[in-house]
>>> print(open('upload_2.cif').read())   # mmCIF, C-alpha atoms
data_input
#
loop_
_atom_site.label_atom_id
_atom_site.label_comp_id
_atom_site.auth_asym_id
_atom_site.auth_seq_id
_atom_site.Cartn_x
_atom_site.Cartn_y
_atom_site.Cartn_z
CA MET A 123 7.33 -12.94 11.72
CA THR A 124 7.14 -10.74 14.73
CA GLU A 125 3.35 -10.98 14.74
CA ALA A 126 1.12 -13.90 13.85
CA HIS A 127 -0.62 -13.25 10.53
CA ARG A 128 -3.35 -15.49 9.16
CA VAL A 129 -5.29 -15.74 5.93
CA GLY A 130 -8.53 -13.86 6.48
CA ASP A 131 -7.07 -11.28 8.87
CA GLU A 132 -8.43 -7.79 8.23
CA LEU A 133 -6.11 -4.79 8.26
CA PRO A 134 -7.42 -1.72 10.07
CA PRO A 135 -8.83 0.86 7.66
CA LEU A 136 -6.92 4.00 6.72
CA GLU A 137 -8.80 7.18 5.84
CA ILE A 138 -6.98 9.73 3.70
CA PRO A 139 -8.50 13.15 3.02
CA VAL A 140 -8.23 13.85 -0.71
CA THR A 141 -7.20 17.48 -1.00
CA ARG A 142 -6.47 19.55 -4.07
CA THR A 143 -2.87 19.78 -2.83
CA LEU A 144 -2.56 15.98 -2.54
CA ILE A 145 -3.87 15.51 -6.08
CA VAL A 146 -1.57 18.12 -7.63
CA ALA A 147 1.48 17.13 -5.54
CA GLY A 148 1.00 13.46 -6.44
CA ALA A 149 0.76 14.30 -10.14
CA ILE A 150 3.89 16.47 -10.01
CA ALA A 151 5.83 13.90 -7.97
CA SER A 152 5.01 11.20 -10.52
CA ARG A 153 5.70 13.55 -13.47
CA ASP A 154 2.13 13.24 -14.70
CA TYR A 155 1.45 16.67 -16.17
CA GLN A 156 -1.97 15.83 -17.63
CA ASP A 157 -4.12 18.93 -17.14
CA VAL A 158 -6.96 16.92 -15.56
CA HIS A 159 -4.74 16.45 -12.49
CA HIS A 160 -3.99 20.14 -11.87
CA ASP A 161 -6.23 22.49 -13.90
CA ALA A 162 -9.88 22.46 -12.80
CA GLU A 163 -11.09 24.55 -15.73
CA LEU A 164 -9.49 22.28 -18.33
CA ALA A 165 -10.71 19.20 -16.44
CA ARG A 166 -14.28 20.59 -16.64
CA GLU A 167 -13.84 21.26 -20.37
CA LYS A 168 -13.00 17.55 -20.73
CA GLY A 169 -16.15 16.48 -18.89
CA SER A 170 -14.88 16.07 -15.32
CA PRO A 171 -16.45 18.05 -12.47
CA ASP A 172 -12.97 18.87 -11.10
CA ILE A 173 -9.37 17.68 -11.14
CA PHE A 174 -8.89 14.07 -10.06
CA MET A 175 -6.14 11.89 -8.60
CA ASN A 176 -3.85 9.96 -10.95
CA ILE A 177 -3.19 6.21 -10.69
CA LEU A 178 0.41 6.67 -9.55
CA THR A 179 -0.72 8.64 -6.49
CA THR A 180 -3.27 5.96 -5.70
CA ASN A 181 -0.56 3.32 -6.14
CA GLY A 182 1.66 5.17 -3.66
CA LEU A 183 -1.16 5.49 -1.13
CA VAL A 184 -1.92 1.77 -1.39
CA GLY A 185 1.78 1.04 -0.81
CA ARG A 186 1.81 3.38 2.18
CA TYR A 187 -1.24 1.62 3.62
CA ILE A 188 0.51 -1.74 3.48
CA THR A 189 3.91 -0.60 4.79
CA ASP A 190 2.31 1.46 7.57
CA HIS A 191 0.59 -1.73 8.73
CA PHE A 192 3.47 -4.20 8.38
CA GLY A 193 6.24 -1.86 9.53
CA SER A 194 9.43 -0.25 8.29
CA ALA A 195 11.07 -3.59 7.45
CA ALA A 196 8.26 -4.46 5.01
CA VAL A 197 9.21 -4.54 1.31
CA LEU A 198 6.60 -4.24 -1.41
CA ARG A 199 7.14 -7.06 -3.91
CA LYS A 200 4.12 -6.50 -6.16
CA VAL A 201 1.34 -3.94 -6.38
CA ALA A 202 -1.43 -4.66 -8.89
CA ILE A 203 -4.33 -2.20 -8.75
CA ARG A 204 -7.26 -1.17 -10.87
CA LEU A 205 -9.02 2.20 -10.70
CA GLY A 206 -12.76 2.74 -10.57
CA ALA A 207 -14.51 5.91 -9.39
CA PRO A 208 -12.28 9.01 -9.50
CA ASN A 209 -10.96 10.72 -6.36
CA TYR A 210 -11.93 14.41 -6.39
CA PRO A 211 -10.94 17.16 -3.94
CA GLY A 212 -13.07 16.85 -0.81
CA ASP A 213 -13.35 13.07 -0.98
CA VAL A 214 -12.04 10.79 1.76
CA LEU A 215 -10.30 7.67 0.46
CA ARG A 216 -10.96 4.77 2.85
CA LEU A 217 -8.52 1.90 2.30
CA THR A 218 -9.21 -1.57 3.68
CA GLY A 219 -7.36 -4.83 3.30
CA ARG A 220 -7.57 -8.55 4.01
CA ILE A 221 -4.78 -11.13 3.99
CA VAL A 222 -5.51 -13.66 1.24
CA ALA A 223 -2.27 -15.69 1.13
CA LEU A 224 0.86 -16.38 3.20
CA GLU A 225 4.13 -17.99 2.15
CA ASP A 226 7.41 -18.42 3.98
CA VAL A 227 10.53 -17.87 1.93
CA ALA A 228 13.44 -19.66 3.56
CA LEU A 229 17.07 -18.86 3.01
CA GLY A 230 18.18 -19.81 -0.46
CA ASP A 231 14.68 -20.30 -1.91
CA VAL A 232 13.30 -17.74 -4.33
CA ALA A 233 14.35 -14.91 -2.04
CA PRO A 234 17.61 -13.07 -2.61
CA GLU A 235 20.50 -14.77 -0.84
CA GLY A 236 20.54 -14.16 2.88
CA GLU A 237 16.89 -13.20 3.05
CA ASN A 238 14.53 -14.85 5.52
CA ARG A 239 11.08 -13.42 4.90
CA ALA A 240 7.41 -14.22 4.80
CA LEU A 241 5.43 -13.17 1.75
CA ILE A 242 1.94 -11.88 2.49
CA GLU A 243 -0.64 -11.15 -0.18
CA VAL A 244 -3.27 -8.58 0.75
CA ALA A 245 -6.46 -7.82 -1.17
CA VAL A 246 -6.96 -4.05 -0.98
CA THR A 247 -9.99 -1.90 -1.70
CA GLY A 248 -10.45 1.84 -1.47
CA ASP A 249 -13.77 3.65 -1.46
CA ASN A 250 -14.84 7.28 -1.59
CA ARG A 251 -18.22 9.06 -1.60
CA ILE A 252 -18.86 8.03 -5.22
CA GLY A 253 -18.01 4.35 -4.80
CA ARG A 254 -15.08 2.00 -5.26
CA HIS A 255 -11.95 3.96 -6.25
CA VAL A 256 -9.38 1.15 -6.25
CA THR A 257 -9.18 -2.64 -6.03
CA GLY A 258 -6.11 -4.80 -6.16
CA LYS A 259 -3.63 -7.10 -4.53
CA VAL A 260 -0.33 -6.30 -2.89
CA THR A 261 2.43 -8.77 -2.06
CA VAL A 262 4.66 -7.66 0.78
CA ALA A 263 7.74 -9.34 2.24
CA ILE A 264 8.31 -9.06 5.96
CA PRO A 265 11.12 -10.52 8.09
CA ARG A 266 10.34 -13.90 9.61
CA ALA A 267 10.79 -14.29 13.33
CA ILE A 268 14.33 -15.11 14.27
CA PRO A 269 14.39 -17.64 17.08
CA GLU A 270 15.57 -16.13 20.30
CA THR A 271 19.22 -16.80 20.90
CA VAL A 272 20.32 -18.79 23.89
CA THR A 273 22.80 -17.00 26.05
CA VAL A 274 25.41 -19.20 27.66
CA ALA A 275 27.50 -17.81 30.48
CA ILE A 276 31.03 -19.09 30.69
CA THR A 277 32.41 -19.24 34.23
CA GLU A 278 36.04 -19.24 35.28
CA GLY A 279 36.01 -23.00 35.71
CA GLY A 280 35.14 -23.49 32.01
CA GLY A 281 31.63 -24.68 32.73
CA ALA A 282 28.46 -23.18 31.54
#
>>> encode(input="upload_2.cif", output="structure tokens")
Amino acid sequence: MTEAHRVGDELPPLEIPVTRTLIVAGAIASRDYQDVHHDAELAREKGSPDIFMNILTTNGLVGRYITDHFGSAAVLRKVAIRLGAPNYPGDVLRLTGRIVALEDVALGDVAPEGENRALIEVAVTGDNRIGRHVTGKVTVAIPRAIPETVTVAITEGGGA
């Protein structure tokens, strides 16, 4: 790994403003055409004070939180989340995380051939003004540190 990660390490929080556009765009992008995600009047008729974010948008934001922290080489292996309080327009979703498990996957183990990664499991929570919006665990694979190569200079006399 390029950085030292330890069980118990806290990830810095990420605050995401929950806008009407984010809610509707997330629903459209995930092909979730339920009216409660884009039509405020119909959402109110069904007992909600406004439209609210769908689980697939939340799932994507949790994934973004993890990959933003661990970098562009990070690969999400598993995302398991559970929703709680809805995210309405005007909320701010505050994601936090803590490393709960680490595992090195050496070449030829359970990783695809040629892969040399560390698996990191992160417990994630996300809160808004109402309360806890999301809880879950994410497993991410990141490249393990590759030992620095030793450079040998060959001189004309054949020595090093």
>>> atom_distance(input="upload_2.cif", atom1="atom CA of Ile221 of chain A", atom2="atom CA of Gly206 of chain A")
21.6 Å
>>> resolve_selection(input="upload_2.cif", expression="the PyMOL selection byres ((chain A and resi 138-145) around 8)", output="PyMOL selection string")
chain A and resi 136-137+146-149+159-160+173-176+179+209-216
>>> atom_distance(input="upload_2.cif", atom1="atom CA of Arg186 of chain A", atom2="atom CA of Val158 of chain A")
24.0 Å
>>> resolve_selection(input="upload_2.cif", expression="the PyMOL selection byres ((chain A and resi 225) around 6)", output="JSON, numbers by chain")
{"A": [224, 226, 240, 241]}
>>> atom_distance(input="upload_2.cif", atom1="atom CA of Ala223 of chain A", atom2="atom CA of Arg251 of chain A")
29.6 Å
>>> closest_residue(input="upload_2.cif", among="A:Ile264, A:Ile203, A:Ile150, A:Leu217", to="Tyr187 of chain A", atoms="all atoms listed in the file")
A:Leu217
>>> closest_residue(input="upload_2.cif", among="A:Arg128, A:Arg204, A:Arg153, A:Arg220", to="Ile188 of chain A", atoms="all atoms listed in the file")
A:Arg220
>>> resolve_selection(input="upload_2.cif", expression="the PyMOL selection byres ((chain A and resi 185) around 12)", output="PyMOL selection string")
chain A and resi 136+178-184+186-194+196-203+217+219+244+246+258-262
